[in-house]
Amino acid sequence: MGIAGTPVAFTLIAFIGCGLSFFTMAREWMPEDAAAVAACVYLLNPYLMFVAYERTAYGELLSAIWMPLLVLYGLRQKTSLLPLSIVIATLWLTNAPSAVMGCYLLAFLVMVAAIQERTYALIGRAAGASALGLCLAAFYIVPAAYEQRWVEIARAIAPGMRVEDSFLFGYTGEAFHDQVLHSASWIAVIMLVAAAIAVVLSQRNKPPNPLRAPLIATLIAISVLLLPFSDFLWNHAPELKFLQFPWRWLLVLGVVMAVFIGLALRGSFLEAKTRKTILVRVVSTITLAVLMASLTAVLFWQPCDDEDNIAAQRATFSSNGFEGTDEYTAGDADNGDIQQALPLVRILKQVDADVADSSVQENPEWKADTADTVPAQVNIRRWASENKVIEVNLSTPAYAVLRLMEYPPWQVQVNGRPATAKLHRDDGLITVPLDAGQSIITVRHAATRDVELGRGLTFLALCIAIALFTQTKKRRNLQLS
């Protein structure tokens, strides 16, 4: 298959997973024929096609597998604490923005269902599963939350990436942003209209389906969140503003729309008993899939720029590496001051020597300046991702500047002893003072306390999950006997 076929294979696997997970959820509340059609609608809905073809947001695409299972284990009456917690953990480990939406979705669905059924059992289960799921993923969540203070995370929601810049049919003047927003806005309109029609058609089901009230409330809530007057909610609800784009909620809207289409079809299909009936339905479904894939390929397909094609990406990865994103720049550094094509180690006379000025030009090409450098013998013994060893021989004291950003987990030693002090440069690169003679610089990425805490919580949660699984299995065996 090769690396060129990897995105195609990944997308197909994600779509198959979306179909299977939705079918598993839907048949809990509707006949299998209607559930199968609704599952096809879900994986072929225009937003998932938009994510796959235009945005290629593979984390978000993969997270679409878990959303139907969140609804299933959050609302069904059977015991589901353990599987719900696993879904929550998996969602966090797949895509953080989707996980934020998933947690809000679960809380909202359970609240509406609890009011409808006048019972708090679902709320208790959801709370317990959320706590266990968050702890299962704590080895990622705790460092991700704590270590935000080390970087300029606020730059993730700079102008153009803010919620208020991306409400339906908004306009910023930035051509590419507005083109994507225009496409997403029309997709939202189509899906909202389709969901509303399906809601009306599903009214004929007697008795009303238990999913109906929670999902109608969800549909209304998503409609509100797509419009400018919801700005207050976006800016004050925890972590919600980091979704950046309100239309990300179309991922959840896809579940709601497909469920109501399935409910509208409930009773419309007789069980397929003959080969002819089965063949007609299979051919119709395949035809719909081909038409949707072809249409979205025409509407959303974007060719790669020269610098983004596979050959160029591999070449960049194996040579100078990629330019860092602003939101992950060290808190007291300027990402624009880092020069391109820097050597792994420079030996300089002064701490702040050979630094670019981003106000003049951002990330200029590096040019050696003998006025700033000190003659030295530099031997890179090891340059791995988390462990680096450099030998430097000097005739006079100097400073070694590594092509490596300074972050708290980096532990630097010189000749087996911790570096005397971490020196600051405007570009944020690690700088080590050296004496004359031979110096062995060792740089190691160590686990910080937040990482250790996250790992500990995950281990504890795994023990609890195993105990719950064992207890559930014993209970089932007793019921069978």
# chains A, B, ... in the order shown; residues from 1 in each chain; ligands from 1
>>> residues_around(residues="Val110 of chain A", least_positions_apart="4", cutoff="10 Å", atoms="only C-alpha atoms", output="PDB file with all heavy atoms, in the first residue's frame")
ATOM      1  N   VAL A  71     -23.723   7.877  23.392  1.00  0.00           N
ATOM      2  CA  VAL A  71     -25.182   7.931  23.525  1.00  0.00           C
ATOM      3  C   VAL A  71     -25.730   6.593  24.013  1.00  0.00           C
ATOM      4  O   VAL A  71     -26.585   6.542  24.911  1.00  0.00           O
ATOM      5  CB  VAL A  71     -25.823   8.310  22.173  1.00  0.00           C
ATOM      6  CG1 VAL A  71     -27.359   8.268  22.274  1.00  0.00           C
ATOM      7  CG2 VAL A  71     -25.362   9.699  21.725  1.00  0.00           C
ATOM      8  N   GLY A  74     -24.632   5.918  27.648  1.00  0.00           N
ATOM      9  CA  GLY A  74     -25.100   6.961  28.545  1.00  0.00           C
ATOM     10  C   GLY A  74     -26.584   6.898  28.830  1.00  0.00           C
ATOM     11  O   GLY A  74     -27.028   7.284  29.919  1.00  0.00           O
ATOM     12  N   LEU A  75     -27.388   6.364  27.881  1.00  0.00           N
ATOM     13  CA  LEU A  75     -28.842   6.422  28.011  1.00  0.00           C
ATOM     14  C   LEU A  75     -29.545   5.072  28.167  1.00  0.00           C
ATOM     15  O   LEU A  75     -30.687   5.039  28.600  1.00  0.00           O
ATOM     16  CB  LEU A  75     -29.435   7.149  26.797  1.00  0.00           C
ATOM     17  CG  LEU A  75     -29.090   8.630  26.658  1.00  0.00           C
ATOM     18  CD1 LEU A  75     -29.790   9.225  25.439  1.00  0.00           C
ATOM     19  CD2 LEU A  75     -29.454   9.418  27.909  1.00  0.00           C
ATOM     20  N   LEU A 105     -22.023  16.760  25.931  1.00  0.00           N
ATOM     21  CA  LEU A 105     -23.154  16.016  25.359  1.00  0.00           C
ATOM     22  C   LEU A 105     -23.700  15.009  26.356  1.00  0.00           C
ATOM     23  O   LEU A 105     -24.920  14.919  26.562  1.00  0.00           O
ATOM     24  CB  LEU A 105     -22.712  15.309  24.077  1.00  0.00           C
ATOM     25  CG  LEU A 105     -23.729  14.343  23.450  1.00  0.00           C
ATOM     26  CD1 LEU A 105     -24.957  15.111  22.958  1.00  0.00           C
ATOM     27  CD2 LEU A 105     -23.093  13.555  22.310  1.00  0.00           C
ATOM     28  N   LEU A 106     -22.807  14.247  26.988  1.00  0.00           N
ATOM     29  CA  LEU A 106     -23.245  13.234  27.951  1.00  0.00           C
ATOM     30  C   LEU A 106     -24.003  13.880  29.101  1.00  0.00           C
ATOM     31  O   LEU A 106     -25.082  13.409  29.495  1.00  0.00           O
ATOM     32  CB  LEU A 106     -22.034  12.466  28.469  1.00  0.00           C
ATOM     33  CG  LEU A 106     -22.321  11.405  29.531  1.00  0.00           C
ATOM     34  CD1 LEU A 106     -23.219  10.300  28.970  1.00  0.00           C
ATOM     35  CD2 LEU A 106     -21.012  10.811  30.074  1.00  0.00           C
ATOM     36  N   ALA A 114     -33.022  12.235  32.629  1.00  0.00           N
ATOM     37  CA  ALA A 114     -33.376  12.097  34.046  1.00  0.00           C
ATOM     38  C   ALA A 114     -34.645  12.875  34.367  1.00  0.00           C
ATOM     39  O   ALA A 114     -35.511  12.408  35.117  1.00  0.00           O
ATOM     40  CB  ALA A 114     -32.219  12.584  34.916  1.00  0.00           C
ATOM     41  N   ILE A 115     -34.772  14.074  33.795  1.00  0.00           N
ATOM     42  CA  ILE A 115     -35.995  14.861  33.995  1.00  0.00           C
ATOM     43  C   ILE A 115     -37.187  14.153  33.363  1.00  0.00           C
ATOM     44  O   ILE A 115     -38.275  14.081  33.946  1.00  0.00           O
ATOM     45  CB  ILE A 115     -35.823  16.266  33.391  1.00  0.00           C
ATOM     46  CG1 ILE A 115     -34.753  17.043  34.162  1.00  0.00           C
ATOM     47  CG2 ILE A 115     -37.147  17.029  33.394  1.00  0.00           C
ATOM     48  CD1 ILE A 115     -34.379  18.368  33.538  1.00  0.00           C
ATOM     49  N   GLN A 116     -36.977  13.585  32.181  1.00  0.00           N
ATOM     50  CA  GLN A 116     -38.056  12.897  31.476  1.00  0.00           C
ATOM     51  C   GLN A 116     -38.518  11.656  32.237  1.00  0.00           C
ATOM     52  O   GLN A 116     -39.724  11.409  32.378  1.00  0.00           O
ATOM     53  CB  GLN A 116     -37.562  12.495  30.079  1.00  0.00           C
ATOM     54  CG  GLN A 116     -38.592  11.740  29.249  1.00  0.00           C
ATOM     55  CD  GLN A 116     -37.995  11.230  27.945  1.00  0.00           C
ATOM     56  OE1 GLN A 116     -36.788  11.121  27.813  1.00  0.00           O
ATOM     57  NE2 GLN A 116     -38.847  10.931  26.986  1.00  0.00           N
ATOM     58  N   TYR A 120     -32.779   9.506  39.023  1.00  0.00           N
ATOM     59  CA  TYR A 120     -31.401  10.004  39.059  1.00  0.00           C
ATOM     60  C   TYR A 120     -30.392   8.905  38.771  1.00  0.00           C
ATOM     61  O   TYR A 120     -29.185   9.133  38.887  1.00  0.00           O
ATOM     62  CB  TYR A 120     -31.114  10.628  40.424  1.00  0.00           C
ATOM     63  CG  TYR A 120     -31.961  11.845  40.714  1.00  0.00           C
ATOM     64  CD1 TYR A 120     -33.050  11.770  41.573  1.00  0.00           C
ATOM     65  CD2 TYR A 120     -31.675  13.068  40.117  1.00  0.00           C
ATOM     66  CE1 TYR A 120     -33.827  12.889  41.840  1.00  0.00           C
ATOM     67  CE2 TYR A 120     -32.449  14.196  40.367  1.00  0.00           C
ATOM     68  CZ  TYR A 120     -33.517  14.095  41.230  1.00  0.00           C
ATOM     69  OH  TYR A 120     -34.290  15.206  41.481  1.00  0.00           O
ATOM     70  N   ALA A 121     -30.854   7.716  38.395  1.00  0.00           N
ATOM     71  CA  ALA A 121     -29.932   6.597  38.171  1.00  0.00           C
ATOM     72  C   ALA A 121     -28.954   6.897  37.042  1.00  0.00           C
ATOM     73  O   ALA A 121     -27.757   6.605  37.146  1.00  0.00           O
ATOM     74  CB  ALA A 121     -30.730   5.330  37.865  1.00  0.00           C
ATOM     75  N   LEU A 122     -29.465   7.475  35.950  1.00  0.00           N
ATOM     76  CA  LEU A 122     -28.590   7.778  34.821  1.00  0.00           C
ATOM     77  C   LEU A 122     -27.528   8.814  35.189  1.00  0.00           C
ATOM     78  O   LEU A 122     -26.387   8.747  34.736  1.00  0.00           O
ATOM     79  CB  LEU A 122     -29.412   8.271  33.627  1.00  0.00           C
ATOM     80  CG  LEU A 122     -30.332   7.247  32.952  1.00  0.00           C
ATOM     81  CD1 LEU A 122     -31.086   7.912  31.796  1.00  0.00           C
ATOM     82  CD2 LEU A 122     -29.545   6.051  32.440  1.00  0.00           C
ATOM     83  N   ILE A 123     -27.923   9.795  36.013  1.00  0.00           N
ATOM     84  CA  ILE A 123     -26.972  10.827  36.429  1.00  0.00           C
ATOM     85  C   ILE A 123     -25.850  10.219  37.259  1.00  0.00           C
ATOM     86  O   ILE A 123     -24.666  10.520  37.062  1.00  0.00           O
ATOM     87  CB  ILE A 123     -27.689  11.933  37.225  1.00  0.00           C
ATOM     88  CG1 ILE A 123     -28.671  12.684  36.320  1.00  0.00           C
ATOM     89  CG2 ILE A 123     -26.679  12.898  37.843  1.00  0.00           C
ATOM     90  CD1 ILE A 123     -29.473  13.752  37.028  1.00  0.00           C
ATOM     91  N   GLY A 124     -26.205   9.335  38.183  1.00  0.00           N
ATOM     92  CA  GLY A 124     -25.193   8.682  39.010  1.00  0.00           C
ATOM     93  C   GLY A 124     -24.244   7.846  38.187  1.00  0.00           C
ATOM     94  O   GLY A 124     -23.018   7.874  38.404  1.00  0.00           O
ATOM     95  N   ARG A 125     -24.803   7.093  37.228  1.00  0.00           N
ATOM     96  CA  ARG A 125     -23.951   6.259  36.379  1.00  0.00           C
ATOM     97  C   ARG A 125     -23.023   7.119  35.529  1.00  0.00           C
ATOM     98  O   ARG A 125     -21.833   6.823  35.389  1.00  0.00           O
ATOM     99  CB  ARG A 125     -24.802   5.365  35.487  1.00  0.00           C
ATOM    100  CG  ARG A 125     -23.986   4.421  34.611  1.00  0.00           C
ATOM    101  CD  ARG A 125     -24.884   3.503  33.828  1.00  0.00           C
ATOM    102  NE  ARG A 125     -25.628   4.222  32.797  1.00  0.00           N
ATOM    103  CZ  ARG A 125     -26.614   3.674  32.097  1.00  0.00           C
ATOM    104  NH1 ARG A 125     -26.989   2.433  32.342  1.00  0.00           N
ATOM    105  NH2 ARG A 125     -27.241   4.380  31.166  1.00  0.00           N
ATOM    106  N   ALA A 126     -23.560   8.191  34.953  1.00  0.00           N
ATOM    107  CA  ALA A 126     -22.750   9.061  34.102  1.00  0.00           C
ATOM    108  C   ALA A 126     -21.634   9.734  34.909  1.00  0.00           C
ATOM    109  O   ALA A 126     -20.497   9.861  34.431  1.00  0.00           O
ATOM    110  CB  ALA A 126     -23.632  10.112  33.444  1.00  0.00           C
ATOM    111  N   ALA A 127     -21.953  10.146  36.135  1.00  0.00           N
ATOM    112  CA  ALA A 127     -20.939  10.786  36.973  1.00  0.00           C
ATOM    113  C   ALA A 127     -19.827   9.805  37.318  1.00  0.00           C
ATOM    114  O   ALA A 127     -18.635  10.136  37.234  1.00  0.00           O
ATOM    115  CB  ALA A 127     -21.588  11.335  38.247  1.00  0.00           C
ATOM    116  N   PRO A 214     -34.365  13.684  24.653  1.00  0.00           N
ATOM    117  CA  PRO A 214     -32.974  14.123  24.815  1.00  0.00           C
ATOM    118  C   PRO A 214     -32.346  14.624  23.527  1.00  0.00           C
ATOM    119  O   PRO A 214     -31.599  15.614  23.541  1.00  0.00           O
ATOM    120  CB  PRO A 214     -32.263  12.857  25.326  1.00  0.00           C
ATOM    121  CG  PRO A 214     -33.333  12.029  25.947  1.00  0.00           C
ATOM    122  CD  PRO A 214     -34.552  12.293  25.131  1.00  0.00           C
TER     123      PRO A 214
END
>>> residues_around(residues="segment 95-102 of chain A", least_positions_apart="4", cutoff="7 Å", atoms="only C-alpha atoms", output="ChimeraX atom specification")
/A:59-60,63,67,91,106,243
>>> atom_distance(atom1="atom CA of Leu93 of chain A", atom2="atom CA of Leu460 of chain A")
17.5 Å
>>> atom_distance(atom1="atom CA of Arg204 of chain A", atom2="atom CA of Ile216 of chain A")
15.2 Å
>>> closest_residue(among="A:Pro159, A:Pro408, A:Ile441, A:Val401", to="Gly173 of chain A", atoms="only C-alpha atoms")
A:Pro159
>>> residues_around(residues="segment 9-16 of chain A", least_positions_apart="4", cutoff="12 Å", atoms="only C-alpha atoms", output="PyMOL selection string")
chain A and resi 1-5+20-23+39-45+48-49+51-53+56-66+94+289+293
>>> write_last_selection(atoms="N, CA and C atoms", output="compact mmCIF listing (two decimals), in the first residue's frame")
# COMPACT_ATOMS: atom_id res chain seq x y z
N MET A 1 0.83 -1.21 0.00
CA MET A 1 0.00 0.00 0.00
C MET A 1 0.87 1.26 0.00
N GLY A 2 1.91 1.30 0.84
CA GLY A 2 2.79 2.45 0.86
C GLY A 2 2.19 3.62 1.61
N ILE A 3 3.03 4.62 1.86
CA ILE A 3 2.58 5.77 2.65
C ILE A 3 1.51 6.58 1.94
N ALA A 4 1.52 6.56 0.59
CA ALA A 4 0.51 7.33 -0.16
C ALA A 4 -0.89 6.77 0.05
N GLY A 5 -0.99 5.46 0.29
CA GLY A 5 -2.30 4.86 0.50
C GLY A 5 -2.77 4.88 1.94
N LEU A 20 -20.37 0.82 12.12
CA LEU A 20 -20.59 -0.27 13.07
C LEU A 20 -21.01 0.25 14.45
N SER A 21 -20.36 1.32 14.91
CA SER A 21 -20.70 1.84 16.23
C SER A 21 -22.11 2.43 16.24
N PHE A 22 -22.47 3.14 15.16
CA PHE A 22 -23.82 3.71 15.12
C PHE A 22 -24.87 2.61 15.05
N PHE A 23 -24.63 1.58 14.26
CA PHE A 23 -25.59 0.47 14.16
C PHE A 23 -25.76 -0.20 15.52
N ALA A 39 -27.39 4.08 10.13
CA ALA A 39 -25.92 3.98 10.22
C ALA A 39 -25.26 4.43 8.93
N CYS A 40 -25.86 4.06 7.80
CA CYS A 40 -25.33 4.51 6.50
C CYS A 40 -25.44 6.02 6.37
N VAL A 41 -26.56 6.58 6.85
CA VAL A 41 -26.74 8.04 6.80
C VAL A 41 -25.67 8.71 7.66
N TYR A 42 -25.39 8.13 8.82
CA TYR A 42 -24.40 8.72 9.72
C TYR A 42 -23.01 8.77 9.09
N LEU A 43 -22.56 7.66 8.53
CA LEU A 43 -21.20 7.65 8.00
C LEU A 43 -21.09 8.39 6.67
N LEU A 44 -22.25 8.64 6.01
CA LEU A 44 -22.24 9.39 4.75
C LEU A 44 -22.72 10.83 4.93
N ASN A 45 -22.89 11.26 6.18
CA ASN A 45 -23.41 12.62 6.38
C ASN A 45 -22.38 13.64 5.89
N LEU A 48 -19.09 14.58 8.01
CA LEU A 48 -18.00 13.60 8.03
C LEU A 48 -17.24 13.60 6.70
N MET A 49 -17.96 13.77 5.60
CA MET A 49 -17.30 13.87 4.30
C MET A 49 -16.43 15.12 4.23
N VAL A 51 -15.01 16.59 6.79
CA VAL A 51 -13.85 16.34 7.65
C VAL A 51 -12.83 15.46 6.92
N ALA A 52 -13.32 14.46 6.20
CA ALA A 52 -12.42 13.52 5.52
C ALA A 52 -11.77 14.12 4.29
N TYR A 53 -12.55 14.82 3.47
CA TYR A 53 -12.05 15.28 2.17
C TYR A 53 -11.35 16.64 2.25
N THR A 56 -9.33 16.94 6.40
CA THR A 56 -8.46 15.81 6.76
C THR A 56 -8.07 15.88 8.24
N ALA A 57 -9.06 16.16 9.08
CA ALA A 57 -8.85 16.20 10.53
C ALA A 57 -9.04 14.79 11.05
N TYR A 58 -7.98 14.00 10.97
CA TYR A 58 -8.11 12.55 11.20
C TYR A 58 -8.44 12.21 12.65
N GLY A 59 -7.97 13.01 13.60
CA GLY A 59 -8.35 12.76 14.98
C GLY A 59 -9.84 12.94 15.19
N GLU A 60 -10.38 14.01 14.64
CA GLU A 60 -11.82 14.27 14.75
C GLU A 60 -12.62 13.20 14.01
N LEU A 61 -12.12 12.77 12.84
CA LEU A 61 -12.81 11.73 12.08
C LEU A 61 -12.88 10.44 12.88
N LEU A 62 -11.77 10.08 13.52
CA LEU A 62 -11.74 8.85 14.31
C LEU A 62 -12.64 8.96 15.53
N SER A 63 -12.73 10.16 16.11
CA SER A 63 -13.57 10.34 17.30
C SER A 63 -15.05 10.16 16.99
N ALA A 64 -15.42 10.28 15.69
CA ALA A 64 -16.82 10.07 15.31
C ALA A 64 -17.27 8.64 15.59
N ILE A 65 -16.32 7.72 15.74
CA ILE A 65 -16.67 6.34 16.08
C ILE A 65 -17.27 6.27 17.48
N TRP A 66 -16.75 7.10 18.39
CA TRP A 66 -17.12 6.94 19.80
C TRP A 66 -18.39 7.69 20.19
N THR A 94 -8.35 10.15 21.78
CA THR A 94 -8.46 10.27 20.32
C THR A 94 -8.38 11.70 19.87
N ALA A 289 -23.92 5.57 -1.36
CA ALA A 289 -22.55 5.80 -0.89
C ALA A 289 -21.67 6.34 -2.01
N ALA A 293 -19.98 10.03 -1.98
CA ALA A 293 -18.52 10.12 -2.06
C ALA A 293 -18.09 10.91 -3.29
